[in-house]
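Structure data (mmCIF, C-alpha atoms) from structure_17.cif:
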data_model
loop_
_atom_site.label_atom_id
_atom_site.label_comp_id
_atom_site.auth_asym_id
_atom_site.auth_seq_id
_atom_site.Cartn_x
_atom_site.Cartn_y
_atom_site.Cartn_z
CA MET A 1 84.24 97.62 110.68
CA MET A 2 82.60 94.52 112.09
CA SER A 3 84.58 92.76 114.79
CA GLN A 4 85.80 89.19 114.36
CA GLN A 5 83.98 86.69 116.52
CA GLU A 6 85.58 84.18 118.84
CA GLY A 7 87.34 81.33 117.10
CA LEU A 8 85.59 78.15 116.05
CA ASP A 9 85.06 75.46 118.64
CA PRO A 10 87.79 72.86 117.95
CA GLU A 11 85.30 69.99 117.79
CA ILE A 12 83.10 71.83 115.27
CA LYS A 13 86.18 72.66 113.22
CA ARG A 14 87.20 68.99 113.29
CA MET A 15 83.75 67.98 112.06
CA LEU A 16 83.85 70.49 109.22
CA GLY A 17 87.29 69.25 108.27
CA ARG A 18 86.00 65.73 107.55
CA VAL A 19 82.69 66.35 105.74
CA SER A 20 82.25 67.32 102.11
CA VAL A 21 81.12 70.65 100.72
CA ALA A 22 78.40 68.71 98.89
CA THR A 23 76.98 67.44 102.18
CA LEU A 24 77.18 70.85 103.82
CA SER A 25 75.39 72.42 100.84
CA THR A 26 72.62 69.84 101.17
CA ARG A 27 72.20 70.49 104.88
CA LEU A 28 71.96 74.22 104.22
CA PHE A 29 69.48 73.58 101.40
CA SER A 30 67.32 71.60 103.83
CA ARG A 31 67.10 74.78 105.90
CA GLY A 32 65.99 76.83 102.91
CA LEU A 33 69.41 78.33 102.12
CA ARG A 34 69.93 77.88 98.37
CA ASN A 35 72.73 80.38 97.72
CA THR A 36 75.69 79.22 99.79
CA PHE A 37 78.02 77.56 97.26
CA LEU A 38 80.58 79.86 95.66
CA HIS A 39 80.12 78.70 92.09
CA GLY A 40 83.04 78.68 89.70
CA LEU A 41 85.92 78.68 92.18
CA SER A 42 88.58 75.97 92.16
CA PRO A 43 91.52 75.07 94.40
CA LEU A 44 94.92 75.88 92.97
CA GLY A 45 96.56 72.86 94.56
CA GLN A 46 95.98 69.57 96.34
CA TYR A 47 95.61 70.27 100.05
CA GLY A 48 94.82 66.89 101.60
CA GLU A 49 92.19 68.26 103.97
CA ASN A 50 89.34 70.74 103.96
CA LEU A 51 89.87 74.47 104.20
CA VAL A 52 87.97 75.62 107.30
CA GLY A 53 87.92 79.11 108.76
CA GLU A 54 85.99 82.24 109.58
CA ALA A 55 85.62 84.86 106.88
CA PHE A 56 87.73 88.01 107.01
CA THR A 57 86.76 90.08 104.00
CA LEU A 58 88.20 92.53 101.49
CA ARG A 59 86.04 94.45 99.02
CA TYR A 60 87.21 95.79 95.67
CA ILE A 61 85.52 98.35 93.42
CA PRO A 62 86.53 99.09 89.81
CA ALA A 63 89.91 100.73 89.43
CA ARG A 64 90.31 104.32 88.21
CA GLU A 65 93.34 105.38 86.20
CA ASP A 66 94.26 108.49 88.18
CA VAL A 67 94.16 106.65 91.52
CA ASP A 68 95.28 103.10 90.86
CA VAL A 69 98.88 103.57 89.82
CA LEU A 70 101.95 101.55 90.87
CA SER A 71 102.92 104.10 93.50
CA ALA A 72 99.69 103.26 95.36
CA PHE A 73 101.41 100.14 96.69
CA SER A 74 104.08 102.29 98.33
CA ASP A 75 101.50 102.97 101.02
CA TYR A 76 101.87 100.19 103.59
CA ASP A 77 98.32 100.97 104.74
CA HIS A 78 96.91 100.22 101.30
CA PRO A 79 93.70 98.23 102.04
CA GLN A 80 94.90 95.15 100.18
CA ARG A 81 98.12 95.06 102.22
CA ALA A 82 96.26 95.97 105.41
CA ALA A 83 93.84 93.08 104.94
CA VAL A 84 96.74 90.65 104.59
CA GLU A 85 98.26 91.96 107.84
CA GLN A 86 94.97 92.08 109.76
CA ALA A 87 93.36 88.75 108.85
CA PRO A 88 93.44 86.74 112.10
CA PRO A 89 95.28 83.41 112.31
CA GLY A 90 92.87 80.63 111.40
CA SER A 91 90.63 82.91 109.34
CA VAL A 92 90.00 82.82 105.59
CA LEU A 93 90.68 86.01 103.66
CA VAL A 94 87.77 86.40 101.21
CA MET A 95 88.19 88.87 98.35
CA ASP A 96 85.20 90.35 96.53
CA CYS A 97 86.42 91.00 92.98
CA ARG A 98 82.93 91.36 91.52
CA GLY A 99 83.58 88.19 89.53
CA ILE A 100 86.12 90.01 87.36
CA ASP A 101 89.17 87.86 86.75
CA ARG A 102 91.08 89.63 83.96
CA SER A 103 93.50 91.00 86.55
CA ALA A 104 94.75 89.20 89.63
CA ALA A 105 93.35 89.70 93.11
CA SER A 106 96.70 88.77 94.64
CA GLY A 107 99.98 86.94 94.11
CA GLU A 108 102.65 84.75 95.67
CA ILE A 109 104.21 87.29 98.05
CA LEU A 110 100.92 88.17 99.72
CA MET A 111 99.85 84.51 99.88
CA THR A 112 103.18 83.68 101.50
CA ARG A 113 102.62 86.40 104.09
CA LEU A 114 99.16 85.01 104.88
CA GLN A 115 100.62 81.53 105.24
CA GLN A 116 103.38 82.76 107.55
CA ARG A 117 100.82 84.56 109.73
CA GLY A 118 98.79 81.38 110.20
CA VAL A 119 95.80 82.38 108.08
CA ALA A 120 93.88 79.29 106.95
CA GLY A 121 93.52 80.23 103.28
CA MET A 122 92.31 82.72 100.67
CA VAL A 123 89.15 82.71 98.56
CA SER A 124 88.44 85.05 95.66
CA ASP A 125 85.93 85.30 92.83
CA GLY A 126 88.72 86.87 90.79
CA SER A 127 92.03 85.43 89.67
CA VAL A 128 95.51 85.03 91.11
CA ARG A 129 98.92 85.56 89.58
CA ASP A 130 102.00 83.41 90.30
CA ALA A 131 99.63 80.47 90.15
CA GLY A 132 102.39 77.88 89.73
CA PRO A 133 104.34 78.77 92.87
CA ILE A 134 101.12 79.26 94.85
CA SER A 135 99.89 75.82 93.84
CA ARG A 136 103.03 74.31 95.38
CA MET A 137 102.89 76.23 98.68
CA GLY A 138 100.44 73.93 100.40
CA PHE A 139 98.41 77.04 101.29
CA PRO A 140 94.73 76.69 100.35
CA VAL A 141 93.78 79.20 97.64
CA TYR A 142 90.48 79.10 95.75
CA ALA A 143 89.94 81.40 92.79
CA LYS A 144 87.97 81.77 89.59
CA SER A 145 91.00 81.67 87.29
CA ARG A 146 94.61 82.71 86.79
CA SER A 147 95.91 86.00 85.39
CA ALA A 148 99.32 87.64 85.17
CA MET A 149 97.81 91.16 85.06
CA ILE A 150 98.47 93.39 88.07
CA ASN A 151 95.65 93.97 90.54
CA LEU A 152 95.61 97.75 90.08
CA SER A 153 94.61 97.52 86.43
CA LEU A 154 91.02 96.61 87.29
CA HIS A 155 90.63 96.53 91.08
CA HIS A 156 90.62 99.19 93.78
CA ALA A 157 90.61 97.84 97.35
CA VAL A 158 88.32 99.86 99.62
CA ASP A 159 86.78 98.03 102.58
CA ILE A 160 88.12 95.53 105.11
CA ASN A 161 85.95 93.08 107.07
CA VAL A 162 82.55 94.26 105.89
CA PRO A 163 79.74 92.21 104.32
CA ILE A 164 80.61 91.38 100.72
CA GLY A 165 79.44 89.27 97.80
CA CYS A 166 81.83 86.61 96.51
CA ALA A 167 80.86 84.47 93.52
CA GLY A 168 77.29 85.68 94.02
CA VAL A 169 77.12 84.55 97.66
CA PRO A 170 76.69 86.97 100.58
CA ILE A 171 79.63 86.64 102.99
CA TYR A 172 79.51 88.28 106.41
CA PRO A 173 82.60 88.59 108.61
CA GLY A 174 82.68 85.57 110.90
CA ASP A 175 80.71 83.30 108.56
CA VAL A 176 82.47 79.96 108.18
CA LEU A 177 83.95 78.88 104.86
CA VAL A 178 84.67 75.26 104.04
CA GLY A 179 86.52 74.23 100.90
CA ASP A 180 87.29 70.88 99.29
CA THR A 181 87.91 69.63 95.74
CA ASP A 182 84.38 70.66 94.69
CA GLY A 183 84.82 74.26 95.80
CA VAL A 184 83.76 76.46 98.71
CA VAL A 185 80.57 76.78 100.75
CA CYS A 186 79.66 79.57 103.18
CA ILE A 187 77.88 78.61 106.41
CA PRO A 188 76.16 81.40 108.38
CA ARG A 189 77.91 81.63 111.72
CA ASN A 190 74.74 81.13 113.76
CA LEU A 191 74.08 77.79 112.03
CA VAL A 192 77.58 76.34 111.91
CA ALA A 193 77.40 74.02 114.94
CA GLU A 194 74.04 72.50 113.96
CA VAL A 195 74.98 72.13 110.30
CA ALA A 196 78.32 70.49 111.16
CA ARG A 197 76.67 67.87 113.36
CA GLU A 198 73.95 67.18 110.80
CA ALA A 199 76.57 66.80 108.06
CA VAL A 200 78.56 64.23 110.04
CA GLU A 201 75.40 62.20 110.69
CA MET A 202 74.37 62.44 107.03
CA GLU A 203 77.72 61.17 105.83
CA GLU A 204 77.68 58.25 108.24
CA VAL A 205 74.36 57.17 106.76
CA GLU A 206 75.51 57.80 103.18
CA GLU A 207 78.68 55.76 103.60
CA PHE A 208 76.52 52.86 104.68
CA LEU A 209 74.20 53.38 101.72
CA LEU A 210 77.17 53.54 99.37
CA SER A 211 78.42 50.21 100.68
CA ARG A 212 74.96 48.75 99.97
CA ILE A 213 74.93 50.13 96.43
CA ARG A 214 78.42 48.74 95.81
CA GLY A 215 77.10 45.39 96.98
CA GLY A 216 74.41 45.43 94.30
CA ALA A 217 71.42 46.93 96.16
CA PRO A 218 68.93 48.83 93.98
CA LEU A 219 68.17 52.51 94.54
CA ARG A 220 64.60 51.71 95.55
CA GLY A 221 64.58 51.29 99.31
CA THR A 222 68.27 52.20 99.57
CA TYR A 223 68.64 55.75 98.35
CA PRO A 224 66.79 57.37 99.98
CA PRO A 225 66.72 54.68 102.67
CA ASP A 226 63.46 53.08 103.71
CA GLU A 227 62.75 51.90 107.25
CA ASN A 228 64.37 48.53 106.68
CA THR A 229 67.61 50.05 105.35
CA LEU A 230 67.76 52.47 108.28
CA ARG A 231 67.24 49.56 110.65
CA LEU A 232 70.16 47.75 109.03
CA PHE A 233 72.28 50.87 109.35
CA HIS A 234 71.64 51.16 113.08
CA GLU A 235 72.20 47.43 113.60
CA ASN A 236 75.52 47.51 111.75
CA GLY A 237 76.77 50.64 113.46
CA LYS A 238 77.80 53.97 112.01
CA VAL A 239 80.58 54.09 109.44
CA ALA A 240 82.14 57.53 108.94
CA GLY A 241 83.19 58.57 105.47
CA ASP A 242 82.85 61.07 102.66
CA SER A 243 79.53 61.99 101.07
CA ARG A 244 78.85 60.60 97.62
CA SER A 245 75.70 62.63 96.87
#

Give the structure from the file, written as structure tokens.
Amino acid sequence: MMSQQEGLDPEIKRMLGRVSVATLSTRLFSRGLRNTFLHGLSPLGQYGENLVGEAFTLRYIPAREDVDVLSAFSDYDHPQRAAVEQAPPGSVLVMDCRGIDRSAASGEILMTRLQQRGVAGMVSDGSVRDAGPISRMGFPVYAKSRSAMINLSLHHAVDINVPIGCAGVPIYPGDVLVGDTDGVVCIPRNLVAEVAREAVEMEEVEEFLLSRIRGGAPLRGTYPPDENTLRLFHENGKVAGDSRS
């Protein structure tokens, strides 16, 4: 098992909490990283602020009928239950369901336990059950879909906090996940500080450009900005805001 790294620097976490997943994806793209957005996942509720946290992972393989029976959950050390109890406060529990969403990765009781333990949220490329109650918890959950079918019908939990694939994206323990209304992006841990700062700067410029476009400016010379537009930006000061790319 890979060990969890030290927690995120509070200032970096604050930066990631105010920038969009779209901007972060662009900054990662500029570095040659094209497979960082977890396509097809949506938030179950309205959370008011970004999900930000380090990845703590759980890997599923296909279920097998002689092993994955209801009595399997009588074992309190079952890997699914163990992952819920071991995910550190502030982390994001990321479940690799192989993109299979016909049976749920988890439900309301386990999400409530994560919330009570101070975990930042849960991300899965599978589905969740009890979607209605979960959507009202105020606990960030991103999933591919919703399903009432029990986890054991298609999933067998095997590994905790190992490298996984989620929605086609490689996720290593300690990578940083950021989620907003567009979905979730994974930032490699060694790049997170640089990417966060670049994203804040990019959004300051883009908010200025957006104000120019709203005022009737054409795209030419404005987006992307030419030297004159950048000069106006610096003269008028930086205006923080959301990306509109």

Result set, the PyMOL selection byres ((chain A and resi 133) around 12) on current file, as an NGL selection string: :A and (44-45 or 107-109 or 111-112 or 128-132 or 134-139 or 141)

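The interatomic distance for the pair CA of Tyr142 (chain A) and CA of Asp182 (chain A) works out to 10.5 Å.
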
The PyMOL selection byres ((chain A and resi 58-64) around 7) resolved against shown file, as an MDAnalysis selection string: chainID A and resid 57 65:68 83 94:97 152:161 164

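Coordinates place CA of Met15 (chain A) at a distance of 28.3 Å from CA of Glu85 (chain A).
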
Shell around Asp180 (chain A) at 7 Å using all atoms listed in the file, local window under 2 positions removed, as an MDAnalysis selection string: chainID A and resid 20:21 50:51 178 182:184

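In this comparison, which uses all atoms listed in the file, the residue of A:Ala148, A:Leu41, A:Ile187, A:Phe233 approaching Arg27 (chain A) most closely is A:Ile187.
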